[in-house]
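Here is the structure we will look at, set down as structure tokens.
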Amino acid sequence: MLTLPPFTYHAPATVSEAVALLAEHRGDVKLLAGGTDLLPNMKHRLFTPAHLVGLRSVRGLAEIAEKDGAVRLGPMVSIARLARDPLVEQRLPSLQAAAQAIAGPQLRQMGTLGGNLCLDTRCVFYNQTAFWRLALGYCLKKDGTVCHVVKAGKRCVAAASNDTAPALLTLGARIRVAGPLGTRDVALADFYFADGVRNLGLQEDEVLTGIEVPSPEAGQRSGFQKLRVREAVDYPSLSVAVSSALDAGGNARWVRVAVSALGARPHLVGSLESLTGSKLTSAAVAEIGRIAHRQCHPLTNINIDPAWRRDLIPVLVKRAFETCRLARAS
Amino acid sequence: MKGHAVVGRRLRKLDGLKKATGEAKYADDLELPRMLHCKLLRSPHAHARIRRIDFTRCRAHPGVVEVLEGAELPARYGVIPWTPDEQALAADKARFVGDEVAAVAALDELAAEEALALIDVEWEVLPALVEPEQALAAGSPQIHEGKKHGNVSKHVGLSFGDVDAGFAASASVAEEDFFYAGSTHAAIEPHCALAQYDAEGNLTLWSSTQIPHYVHRELSRVLGLPETRVRVIQPFLGGAFGGKSDPFALEFVVAKLAMKTGRPVKCLLTREEVFFAHRGRHPMKMRFKVGLAKDGRIEAVDSKILIDGGAYSSFGLVTAYYSGQLLTGPYTFGSYRFDSTRVFTNKPPCGPKRGHGSVQPRFAFEVALDMAAEKLGLDPIEVRRRNFVGENVLTVNGQTITSNGFLQCLDAVEAASRWKERKGKLPYGRGLGVAGSMYISGTAYPLYPNELPQSGIQVKLDRSGKVTIFSGGSDIGQGLNSLPAYLIAEEIGCDPRDCHVVVSDTDLTPVDLGAYSSRGTYMIGAACLEAGQRLWAMLSEAVGAKWGCPGAAVEGALGTIRGPADGQQMSFREAVQLAEAKFGTLGATGSYRTQKLGGDYRGGTIGASPAYSFTAHVVEVRVDVETGVWKVERVWAAHDCGKALNPTLVEGQIEGSVYMGFGEAAMEEMTYLPSGLHAGPSLLDYRIPTSLDTPDIEATIVEPIDPGGPHGAKEAGEGPLHPVIPAIANALYDAVGVRLTALPFHPAKVLAALRAKAKHDGLAESAERGAC
Amino acid sequence: MPAGRPPKTVLTLKVNGDSVELAVEPRTTLLEALRYTLRLTGSKQGCDKGDCGACTVLIDGTPTLACLTLAVECQGRAVTTIEGLARGPHVHPVQDAFDLCGALQCGFCQPGMMLSAAALLEANARPTRLQIREALSGNLCRCTGYKQIFDAVEVASGQREVAERDPRPTTGGES
Ligand SMILES: Cc1cc2nc3c(=O)[nH]c(=O)nc-3n(C[C@H](O)[C@H](O)[C@H](O)COP(=O)(O)OP(=O)(O)OC[C@H]3O[C@@H](n4cnc5c(N)ncnc54)[C@H](O)[C@@H]3O)c2cc1C
Ligand code: SF4
Ligand code: FES
Ligand code: FES
């Protein structure tokens, strides 16, 4: 078997208890939600915390509700529930599509939205056993000094591989974080950094306690596309989420596109302002694809041909717009 | 001749419900009191000399009970007795990343794992030879010092007929380079072995092996114990596909540790370690040349093959032969030449994977055949039909073909796929492709020369009517635990459900050589018939005596024995009691003996089989030309397995084979970093198709009765894998006009090929336009 | 267990209907607890990190990977393993159909596969072929090519007949 290293397990009942435990064991503690990312990583000895704080018994972290102009999602909502929840289906179609494309059925039941948003970045040189990484000579992200993807690189470029993140980015989501000093809200766009070692704006003693997505405007639609080798189980080789709001005349009030699974953070495509006020014709969508293509440079951080992944950005952008679904009134 | 009561019926397996309820015990399900857990220390270097191993820190770990190093098990072994080049734990040097160098037995797995990190090994790192070309380059160090030919593991060059004249006479010649990527078995059960050494000096090994007999022999030799003191038991096996048909380090190590500690010791490989154990499909670089006469007859075939063997020999000697010897059907070759070289490299050793040695050249040949036929404007099915080798013939390399249902296979897939109406008429992006193949149904000869039977069966008849059958056959999922019951029940008229089959235990069951070369049904089946007929002779004579009729007039089926007179019948149990009263305690044996077969030249016996199976597939693909992503819409697979003893089990073998070949075509590849480290030794990075990826498969069984097989049966487990890969390649060509010659056909490659073609076509078009 | 590790916790689980108490280290996975502590070895391990589905069990009726579930997090929950799928002396219709259809080749993936299939039928009595494919897509099988598995789920849900129904005296679960 792949053994887990020894640790002490804690099951707090409230967020503040959880935060207190995290603060108490700072430097040697991890939060455990569904465990589908953390436990394989611990089996690989990427993390060997002496303490695990389980969120399973913390109450009130699994809501799905729309109030005060926002859809509120608890971090402990399972991916499977996102994939079938009627409110998510009506209001946030791209998030639902993303959830449906995550891993396989059992993992969707076990994995949570919070865990997905806080997923560790992934790389062929990193998501390996302790023996394998020893044989490699380790890498910058863990125990070593060089990056094997960008040899002279000083920054880790392991891939952000969480499928809900690009969808939520294009939906303008904000997250709420609780720490020893209270809670703070952050735009999801500001939550991720381009550093694969620590790509999250989250302190070790903080807990992600809620996700808030502005209620869709009239005429808002969203779509999601994922490229994977197999039709189940596989992490994304490339994922694209799009969202836009059209006015009564069919002109775009805004357009957002996110591309992920390429570098250390999901990339919110810039320079799309020029599309404001125009129709999203196929020529316009092709132009968006070209803009996204110019801004993204996949690397050999996963074992799928990077040139091909880049080539497919415009195709996935086009298909994401084609499969966009209108957010319906709740 | 009476009809069949059991044979040909869709009966359950004898052990199906054991598997369905979780009752079936696989190796890691076994546990013994005081059992220790063993972990193996592996080399982090692809090629390195071991200067010193120091266990001081390791022994100090509170959980450690015993350690082991290579010097304690010095004997070299290998599944082929001519090439023993493996050692349970490397004593002098490690030859790939993951090669075993030391072992620890501890109180639990975690302790063993922690203790491994406390073993200090001093290494002298040597240059890693990762690609076969590197290994062949002048001045490269030898991976196995003292071998005669540098890093060549085996070279075979054979020629039949005048190949050059054949090409000269050809109207169409196709010549192309092909690459078949290495792939692995990925059985879902990881290897596991448990050993116990008792106070009387008997060693028992439970192991997830598909060759208990060879493990028995090698264990005894390496451990220095008499064979009578060694017992090998194969519990339920969670898939093998050739991946468990070598003796493995863990088997020797747990045995030795059990002897050293006097406690049972278990070792369970992690999934990553299974990738290091490997023995999977060899990567092959192949140059193929196929020449056709104007009417499509195959005049000449020539191949040059470079085989990447990995660090040890394993079955490599056979692989080198099979890469050439098994290609000479189902088509007649006017002349044939092959030149195959297996080379050692510093990677996990390759070995036999389902369709051993012949899947790779079959891919190259079937694509090259299409290329050559296209130039002549011949339909791919038609060209295959025209070259049909026939029944009861000798192939160009001297193999004897008995029954041959290949034409019926072609007819079946042609009709089922509506080939005639649809081929060439599908819209751009969709296509049909065909391929055929042949495979052995057992090898004529055992791996070590001897005059003994290759399979044996013993049967005990109890006066209760219970039939106990002792079979050494290795069930790896194909149904070999049930086959003896079906066949014995057919012969002696009992109900197969009243049979208890005792299997794969070298103390209890007669020798069977193991689950390889698709030999089980044919050879164990033959042994069953012999034993069953001997028993029936006694039963029918005793019953005949009672009824006053000749034994030949007595018939039995499914537990009821009938006489010639109206209403004359008795239960099987009564018949047994009559026979027991007459002859004493009842039992019988049967065996399958080696036949002299094969061409009269060096190597002519390798690839010689008492019978051959034949297969044809048609595949329909759909290509997404924007992304290169392709899907197999459907596979029509027709397989000649002779008489299907249980059609449900045969269909399972056909479907499983198609699936596995599809995986190799679509996504599977053993990839390595330049250092020789496996790039993704997990079931996440080495992707095998899921239930959403697997194609729709329509299996058809073709049943020409083979004169030698039990009730006319031949193999079904390996043959049907071959054609799916070239059929996919041919279908992709039909769909989008690009020839894919390197496996696997990643969408990235398909898209690149499409773009290259568009560019080329565009250039050609503009050149044309420029010209006018 | 060698000394020096965090102490064991005593848990109560409902396993296949029985209330059982067991002591585990916090790091013990549910799969390890089932296989090596409770000796319910029907749940299999093929990767131990979420890639294969062989370890699938039902927790409160939901297919879950036991290799990525901490035993301590199962306190008070109901776990069904393959050993508990049969109803008394009668095998579950899924088990019977898998056997009839030849889906049990090596059988190693099948405890997990059958539990996923049983959970599917619990939620959807007559699933389509595509729904079957989707529900089983987290359970890798290397032997069958999945076809006989899909067929078996259709047989278990009464949507398909087998060519020949070999009876078994013990299979009261015949559907
Ligand atoms: C075989 C396999 C395939 C997969 N395929 C995909 C895929 O295709 N797409 C995809 O997106 N994911 C995939 N995953 C990853 C994973 O299953 C999902 O991302 C899942 O949603 C992670 O959630 P979790 O609750 O299991 O996370 P956990 O493992 O519990 O946690 C992950 C990380 O987030 C932290 N964390 C969790 N919750 C919080 C919180 N509330 N506050 C602060 N930090 C928190 C944890 O400390 C940990 O560092 C796959 C996993 C496996 C094993
Ligand atoms: S991108 Fe570089 S530093 Fe980051 S995990 Fe991969 S190899 Fe390590
Ligand atoms: S053993 Fe749990 S998913 Fe493979
Ligand atoms: S039956 Fe062997 S892996 Fe599924």
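Naming scheme: A, B, ... for chains in displayed order of the structure tokens; residues 1 onward per chain; ligands 1 onward as shown.
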Collect all residues with atoms no farther than 9 Å from ligand 4, counting only C-alpha atoms and all ligand atoms, and output them as a PDB file with N, CA and C atoms, in the first residue's frame.
ATOM      1  N   ALA B 187      -2.520  -4.957 -14.859  1.00  0.00           N
ATOM      2  CA  ALA B 187      -3.538  -5.747 -14.153  1.00  0.00           C
ATOM      3  C   ALA B 187      -3.910  -4.957 -12.905  1.00  0.00           C
ATOM      4  N   ILE B 188      -5.174  -5.016 -12.509  1.00  0.00           N
ATOM      5  CA  ILE B 188      -5.576  -4.163 -11.388  1.00  0.00           C
ATOM      6  C   ILE B 188      -4.984  -4.679 -10.067  1.00  0.00           C
ATOM      7  N   GLU B 189      -4.716  -5.961  -9.974  1.00  0.00           N
ATOM      8  CA  GLU B 189      -4.075  -6.474  -8.751  1.00  0.00           C
ATOM      9  C   GLU B 189      -2.563  -6.269  -8.816  1.00  0.00           C
ATOM     10  N   LEU B 237      -6.164 -14.813  -8.813  1.00  0.00           N
ATOM     11  CA  LEU B 237      -5.226 -13.877  -9.417  1.00  0.00           C
ATOM     12  C   LEU B 237      -6.001 -12.719 -10.039  1.00  0.00           C
ATOM     13  N   GLY B 238      -5.593 -11.505  -9.673  1.00  0.00           N
ATOM     14  CA  GLY B 238      -6.333 -10.332 -10.130  1.00  0.00           C
ATOM     15  C   GLY B 238      -5.827  -9.758 -11.426  1.00  0.00           C
ATOM     16  N   GLY B 239      -5.781 -10.608 -12.445  1.00  0.00           N
ATOM     17  CA  GLY B 239      -5.336 -10.157 -13.767  1.00  0.00           C
ATOM     18  C   GLY B 239      -3.841 -10.363 -13.910  1.00  0.00           C
ATOM     19  N   ALA B 240      -3.399 -10.639 -15.133  1.00  0.00           N
ATOM     20  CA  ALA B 240      -1.986 -10.935 -15.344  1.00  0.00           C
ATOM     21  C   ALA B 240      -1.549 -10.469 -16.736  1.00  0.00           C
ATOM     22  N   ILE B 476      -6.272 -16.907 -14.752  1.00  0.00           N
ATOM     23  CA  ILE B 476      -5.928 -15.489 -14.604  1.00  0.00           C
ATOM     24  C   ILE B 476      -7.139 -14.639 -14.960  1.00  0.00           C
ATOM     25  N   GLY B 477      -8.300 -15.273 -14.900  1.00  0.00           N
ATOM     26  CA  GLY B 477      -9.528 -14.568 -15.237  1.00  0.00           C
ATOM     27  C   GLY B 477     -10.201 -15.178 -16.449  1.00  0.00           C
TER      28      GLY B 477
ATOM     29  N   ALA C  54     -10.899   0.287  -7.361  1.00  0.00           N
ATOM     30  CA  ALA C  54     -11.025  -1.079  -6.849  1.00  0.00           C
ATOM     31  C   ALA C  54     -11.481  -1.106  -5.388  1.00  0.00           C
ATOM     32  N   ALA C 103     -19.065 -11.385 -16.590  1.00  0.00           N
ATOM     33  CA  ALA C 103     -18.346 -10.137 -16.288  1.00  0.00           C
ATOM     34  C   ALA C 103     -17.225 -10.344 -15.284  1.00  0.00           C
ATOM     35  N   LEU C 104     -17.279 -11.450 -14.550  1.00  0.00           N
ATOM     36  CA  LEU C 104     -16.279 -11.668 -13.510  1.00  0.00           C
ATOM     37  C   LEU C 104     -15.094 -12.416 -14.100  1.00  0.00           C
ATOM     38  N   GLN C 105     -14.224 -11.699 -14.783  1.00  0.00           N
ATOM     39  CA  GLN C 105     -13.029 -12.390 -15.290  1.00  0.00           C
ATOM     40  C   GLN C 105     -12.086 -12.610 -14.118  1.00  0.00           C
ATOM     41  N   CYS C 106     -11.063 -11.784 -13.958  1.00  0.00           N
ATOM     42  CA  CYS C 106     -10.224 -12.028 -12.777  1.00  0.00           C
ATOM     43  C   CYS C 106     -10.977 -11.678 -11.503  1.00  0.00           C
ATOM     44  N   GLY C 107     -11.953 -10.785 -11.638  1.00  0.00           N
ATOM     45  CA  GLY C 107     -12.791 -10.453 -10.494  1.00  0.00           C
ATOM     46  C   GLY C 107     -12.243  -9.372  -9.581  1.00  0.00           C
ATOM     47  N   PHE C 108     -11.036  -8.919  -9.831  1.00  0.00           N
ATOM     48  CA  PHE C 108     -10.383  -8.034  -8.857  1.00  0.00           C
ATOM     49  C   PHE C 108     -11.010  -6.651  -8.807  1.00  0.00           C
ATOM     50  N   CYS C 109     -11.439  -6.153  -9.958  1.00  0.00           N
ATOM     51  CA  CYS C 109     -12.061  -4.832  -9.978  1.00  0.00           C
ATOM     52  C   CYS C 109     -13.511  -4.904  -9.551  1.00  0.00           C
ATOM     53  N   GLN C 110     -14.057  -6.120  -9.495  1.00  0.00           N
ATOM     54  CA  GLN C 110     -15.505  -6.259  -9.486  1.00  0.00           C
ATOM     55  C   GLN C 110     -16.214  -5.946  -8.175  1.00  0.00           C
ATOM     56  N   MET C 113     -16.755  -2.442  -8.606  1.00  0.00           N
ATOM     57  CA  MET C 113     -17.626  -2.233  -9.769  1.00  0.00           C
ATOM     58  C   MET C 113     -19.077  -2.569  -9.407  1.00  0.00           C
ATOM     59  N   ASN C 139     -14.373   3.181 -12.070  1.00  0.00           N
ATOM     60  CA  ASN C 139     -13.945   1.819 -11.728  1.00  0.00           C
ATOM     61  C   ASN C 139     -13.249   1.214 -12.928  1.00  0.00           C
ATOM     62  N   LEU C 140     -11.943   1.143 -12.875  1.00  0.00           N
ATOM     63  CA  LEU C 140     -11.214   0.582 -14.009  1.00  0.00           C
ATOM     64  C   LEU C 140     -11.294  -0.933 -13.993  1.00  0.00           C
ATOM     65  N   CYS C 141     -11.528  -1.515 -15.159  1.00  0.00           N
ATOM     66  CA  CYS C 141     -11.433  -2.963 -15.322  1.00  0.00           C
ATOM     67  C   CYS C 141     -10.464  -3.219 -16.445  1.00  0.00           C
ATOM     68  N   ARG C 142      -9.535  -4.114 -16.230  1.00  0.00           N
ATOM     69  CA  ARG C 142      -8.529  -4.367 -17.253  1.00  0.00           C
ATOM     70  C   ARG C 142      -8.832  -5.634 -18.046  1.00  0.00           C
ATOM     71  N   CYS C 143      -9.801  -6.431 -17.592  1.00  0.00           N
ATOM     72  CA  CYS C 143     -10.024  -7.726 -18.233  1.00  0.00           C
ATOM     73  C   CYS C 143     -11.114  -7.705 -19.298  1.00  0.00           C
ATOM     74  N   THR C 144     -12.230  -7.088 -18.987  1.00  0.00           N
ATOM     75  CA  THR C 144     -13.450  -7.369 -19.751  1.00  0.00           C
ATOM     76  C   THR C 144     -13.676  -6.484 -20.960  1.00  0.00           C
ATOM     77  N   GLY C 145     -13.053  -5.293 -20.977  1.00  0.00           N
ATOM     78  CA  GLY C 145     -13.459  -4.329 -21.995  1.00  0.00           C
ATOM     79  C   GLY C 145     -14.805  -3.715 -21.663  1.00  0.00           C
ATOM     80  N   TYR C 146     -15.329  -4.049 -20.498  1.00  0.00           N
ATOM     81  CA  TYR C 146     -16.550  -3.497 -19.895  1.00  0.00           C
ATOM     82  C   TYR C 146     -17.856  -3.987 -20.505  1.00  0.00           C
ATOM     83  N   ILE C 149     -19.901  -6.219 -18.481  1.00  0.00           N
ATOM     84  CA  ILE C 149     -20.326  -5.496 -17.275  1.00  0.00           C
ATOM     85  C   ILE C 149     -21.574  -4.667 -17.586  1.00  0.00           C
TER      86      ILE C 149
END
Determine, using only C-alpha atoms and all ligand atoms, which residues of chain A have any atom at most 12 Å from an atom of ligand 2, and tabulate each with its shortest atom pair and distance in Å to one decimal place, rows ordered by chain and then rising number, as JSON lines.
{"residue": "A:Leu46", "atom": "CA", "partner": "ligand 2", "partner_atom_place_in_ligand_line": "5 (S)", "distance": 10.7}
{"residue": "A:Asp120", "atom": "CA", "partner": "ligand 2", "partner_atom_place_in_ligand_line": "5 (S)", "distance": 10.2}
{"residue": "A:Thr121", "atom": "CA", "partner": "ligand 2", "partner_atom_place_in_ligand_line": "5 (S)", "distance": 7.8}
{"residue": "A:Arg122", "atom": "CA", "partner": "ligand 2", "partner_atom_place_in_ligand_line": "5 (S)", "distance": 6.7}
{"residue": "A:Cys123", "atom": "CA", "partner": "ligand 2", "partner_atom_place_in_ligand_line": "6 (Fe)", "distance": 4.6}
{"residue": "A:Val124", "atom": "CA", "partner": "ligand 2", "partner_atom_place_in_ligand_line": "6 (Fe)", "distance": 6.4}
{"residue": "A:Phe125", "atom": "CA", "partner": "ligand 2", "partner_atom_place_in_ligand_line": "7 (S)", "distance": 4.9}
{"residue": "A:Tyr126", "atom": "CA", "partner": "ligand 2", "partner_atom_place_in_ligand_line": "5 (S)", "distance": 4.7}
{"residue": "A:Asn127", "atom": "CA", "partner": "ligand 2", "partner_atom_place_in_ligand_line": "5 (S)", "distance": 7.9}
{"residue": "A:Gln128", "atom": "CA", "partner": "ligand 2", "partner_atom_place_in_ligand_line": "5 (S)", "distance": 10.2}
{"residue": "A:Arg133", "atom": "CA", "partner": "ligand 2", "partner_atom_place_in_ligand_line": "8 (Fe)", "distance": 9.9}
{"residue": "A:Leu136", "atom": "CA", "partner": "ligand 2", "partner_atom_place_in_ligand_line": "7 (S)", "distance": 9.9}
{"residue": "A:Gly137", "atom": "CA", "partner": "ligand 2", "partner_atom_place_in_ligand_line": "7 (S)", "distance": 10.4}
{"residue": "A:Tyr138", "atom": "CA", "partner": "ligand 2", "partner_atom_place_in_ligand_line": "8 (Fe)", "distance": 7.5}
{"residue": "A:Cys139", "atom": "CA", "partner": "ligand 2", "partner_atom_place_in_ligand_line": "8 (Fe)", "distance": 4.4}
{"residue": "A:Leu140", "atom": "CA", "partner": "ligand 2", "partner_atom_place_in_ligand_line": "3 (S)", "distance": 4.1}
{"residue": "A:Lys141", "atom": "CA", "partner": "ligand 2", "partner_atom_place_in_ligand_line": "3 (S)", "distance": 4.4}
{"residue": "A:Lys142", "atom": "CA", "partner": "ligand 2", "partner_atom_place_in_ligand_line": "8 (Fe)", "distance": 6.9}
{"residue": "A:Asp143", "atom": "CA", "partner": "ligand 2", "partner_atom_place_in_ligand_line": "8 (Fe)", "distance": 9.4}
{"residue": "A:Gly144", "atom": "CA", "partner": "ligand 2", "partner_atom_place_in_ligand_line": "8 (Fe)", "distance": 8.1}
{"residue": "A:Thr145", "atom": "CA", "partner": "ligand 2", "partner_atom_place_in_ligand_line": "3 (S)", "distance": 8.0}
{"residue": "A:Val146", "atom": "CA", "partner": "ligand 2", "partner_atom_place_in_ligand_line": "3 (S)", "distance": 6.5}
{"residue": "A:Cys147", "atom": "CA", "partner": "ligand 2", "partner_atom_place_in_ligand_line": "2 (Fe)", "distance": 3.5}
{"residue": "A:His148", "atom": "CA", "partner": "ligand 2", "partner_atom_place_in_ligand_line": "7 (S)", "distance": 4.2}
{"residue": "A:Val149", "atom": "CA", "partner": "ligand 2", "partner_atom_place_in_ligand_line": "2 (Fe)", "distance": 4.9}
{"residue": "A:Val150", "atom": "CA", "partner": "ligand 2", "partner_atom_place_in_ligand_line": "2 (Fe)", "distance": 6.4}
{"residue": "A:Lys151", "atom": "CA", "partner": "ligand 2", "partner_atom_place_in_ligand_line": "2 (Fe)", "distance": 7.9}
{"residue": "A:Ala152", "atom": "CA", "partner": "ligand 2", "partner_atom_place_in_ligand_line": "2 (Fe)", "distance": 9.8}
{"residue": "A:Gly153", "atom": "CA", "partner": "ligand 2", "partner_atom_place_in_ligand_line": "2 (Fe)", "distance": 7.8}
{"residue": "A:Lys154", "atom": "CA", "partner": "ligand 2", "partner_atom_place_in_ligand_line": "3 (S)", "distance": 8.1}
{"residue": "A:Arg155", "atom": "CA", "partner": "ligand 2", "partner_atom_place_in_ligand_line": "3 (S)", "distance": 6.6}
{"residue": "A:Cys156", "atom": "CA", "partner": "ligand 2", "partner_atom_place_in_ligand_line": "4 (Fe)", "distance": 3.7}
{"residue": "A:Val157", "atom": "CA", "partner": "ligand 2", "partner_atom_place_in_ligand_line": "1 (S)", "distance": 4.0}
{"residue": "A:Ala158", "atom": "CA", "partner": "ligand 2", "partner_atom_place_in_ligand_line": "1 (S)", "distance": 4.0}
{"residue": "A:Ala159", "atom": "CA", "partner": "ligand 2", "partner_atom_place_in_ligand_line": "1 (S)", "distance": 7.5}
{"residue": "A:Ala160", "atom": "CA", "partner": "ligand 2", "partner_atom_place_in_ligand_line": "1 (S)", "distance": 10.7}
{"residue": "A:Ala194", "atom": "CA", "partner": "ligand 2", "partner_atom_place_in_ligand_line": "4 (Fe)", "distance": 11.0}
{"residue": "A:Asp195", "atom": "CA", "partner": "ligand 2", "partner_atom_place_in_ligand_line": "4 (Fe)", "distance": 8.4}
{"residue": "A:Gly196", "atom": "CA", "partner": "ligand 2", "partner_atom_place_in_ligand_line": "4 (Fe)", "distance": 5.7}
{"residue": "A:Val197", "atom": "CA", "partner": "ligand 2", "partner_atom_place_in_ligand_line": "4 (Fe)", "distance": 6.7}
{"residue": "A:Arg198", "atom": "CA", "partner": "ligand 2", "partner_atom_place_in_ligand_line": "4 (Fe)", "distance": 10.2}
{"residue": "A:Asn199", "atom": "CA", "partner": "ligand 2", "partner_atom_place_in_ligand_line": "4 (Fe)", "distance": 11.0}
{"residue": "A:Leu262", "atom": "CA", "partner": "ligand 2", "partner_atom_place_in_ligand_line": "1 (S)", "distance": 10.7}
{"residue": "A:Gly263", "atom": "CA", "partner": "ligand 2", "partner_atom_place_in_ligand_line": "1 (S)", "distance": 8.6}
{"residue": "A:Ala264", "atom": "CA", "partner": "ligand 2", "partner_atom_place_in_ligand_line": "1 (S)", "distance": 8.2}
{"residue": "A:Pro298", "atom": "CA", "partner": "ligand 2", "partner_atom_place_in_ligand_line": "1 (S)", "distance": 11.2}
{"residue": "A:Leu299", "atom": "CA", "partner": "ligand 2", "partner_atom_place_in_ligand_line": "1 (S)", "distance": 8.6}
{"residue": "A:Thr300", "atom": "CA", "partner": "ligand 2", "partner_atom_place_in_ligand_line": "1 (S)", "distance": 8.4}
{"residue": "A:Asn301", "atom": "CA", "partner": "ligand 2", "partner_atom_place_in_ligand_line": "6 (Fe)", "distance": 5.7}
{"residue": "A:Ile302", "atom": "CA", "partner": "ligand 2", "partner_atom_place_in_ligand_line": "6 (Fe)", "distance": 8.5}
{"residue": "A:Asn303", "atom": "CA", "partner": "ligand 2", "partner_atom_place_in_ligand_line": "6 (Fe)", "distance": 11.2}
Within 6 Å of ligand 3, counting only C-alpha atoms and all ligand atoms, residues as a ChimeraX atom specification: /C:45-55,65-67
Tell me, counting only C-alpha atoms and all ligand atoms, for each residue of chain B within 10 Å of ligand 1, which pair of atoms is nearest and how far apart they are in Å to one decimal, in rows ordered by chain and increasing number, as JSON lines.
{"residue": "B:Leu683", "atom": "CA", "partner": "ligand 1", "partner_atom_place_in_ligand_line": "1 (C)", "distance": 8.4}
{"residue": "B:Leu684", "atom": "CA", "partner": "ligand 1", "partner_atom_place_in_ligand_line": "1 (C)", "distance": 6.1}
{"residue": "B:Asp685", "atom": "CA", "partner": "ligand 1", "partner_atom_place_in_ligand_line": "1 (C)", "distance": 9.5}
Residues of chain A no more than 8 Å from chain B, counting only C-alpha atoms: send them over as number ranges by chain. A: 1-3, 5, 124, 128, 131-132, 134-136, 229-234, 303, 305, 308, 312, 315
Give me the residues near Gly74 (chain A) as a PyMOL selection string, where near means some atom within 6 Å (using only C-alpha atoms) and where sequence neighbours in that chain fewer than 5 positions away do not count. chain A and resi 61-63+210
Which residues of chain C come within 7 Å of chain A, and what is each one's closest atom pair and distance in Å (one decimal), counting only C-alpha atoms, sorted by chain and residue number, as a tab-separated table?
residue	atom	partner	partner_atom	distance
C:Arg5	CA	A:Pro6	CA	6.6
C:Pro6	CA	A:Thr8	CA	6.2
C:Pro26	CA	A:Tyr9	CA	6.0
C:Arg27	CA	A:Pro6	CA	5.6
C:Asp48	CA	A:Leu2	CA	6.0
C:Lys49	CA	A:Pro40	CA	5.2
C:Pro63	CA	A:Gln106	CA	5.6
C:Thr64	CA	A:Gln106	CA	5.1
C:Leu65	CA	A:Gln106	CA	6.4
C:Leu68	CA	A:Thr36	CA	6.2
C:Ala135	CA	A:Pro105	CA	6.4
C:Ser137	CA	A:Ala232	CA	6.0
C:Gly138	CA	A:Gly104	CA	4.6
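Proximity to chain B was assessed for C:Ala152, C:Leu22, C:Cys101, C:Ile59 counting only C-alpha atoms; the smallest distance is recorded for C:Cys101.
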I want to know what sits within 12 Å of region 270-284 of chain A, based on only C-alpha atoms, with residues of the same chain fewer than 6 positions away left out; could you give that as a compact mmCIF listing (two decimals) with C-alpha atoms, in the first residue's frame?
# COMPACT_ATOMS: atom_id res chain seq x y z
CA THR A 170 -15.48 34.18 -15.19
CA VAL A 242 -16.41 31.74 -20.75
CA SER A 243 -19.11 34.04 -19.56
CA SER A 244 -20.83 37.07 -21.02
CA ALA A 245 -23.87 39.23 -20.61
CA LEU A 246 -25.77 40.40 -23.67
CA ASP A 247 -28.07 43.36 -23.74
CA ALA A 248 -31.51 43.29 -25.34
CA GLY A 249 -29.95 44.05 -28.71
CA GLY A 250 -27.63 41.07 -28.41
CA ASN A 251 -24.55 43.20 -27.80
CA ALA A 252 -22.10 42.15 -25.15
CA ARG A 253 -22.10 44.14 -21.94
CA TRP A 254 -18.99 42.26 -20.93
CA VAL A 255 -17.09 39.11 -21.82
CA ARG A 256 -14.86 37.06 -19.56
CA VAL A 257 -12.71 34.12 -20.56
CA ALA A 258 -10.48 32.03 -18.31
CA VAL A 259 -7.98 29.44 -19.46
CA ARG A 290 -6.56 34.40 -30.87
CA ILE A 291 -6.19 36.79 -27.93
CA ALA A 292 -6.30 33.90 -25.47
CA HIS A 293 -3.83 31.94 -27.57
CA ARG A 294 -1.37 34.85 -27.52
CA GLN A 295 -1.59 35.14 -23.76
CA CYS A 296 -1.09 31.46 -22.88
CA PRO A 314 -9.04 28.87 -29.76
CA VAL A 315 -10.99 25.67 -30.50
CA VAL A 317 -12.89 28.98 -26.64
CA LYS A 318 -15.12 28.64 -29.68
CA ARG A 319 -16.81 25.52 -28.31
CA PHE A 321 -19.17 29.96 -26.54
CA GLU A 322 -21.12 27.51 -28.68
CA CYS A 324 -22.92 28.51 -23.48
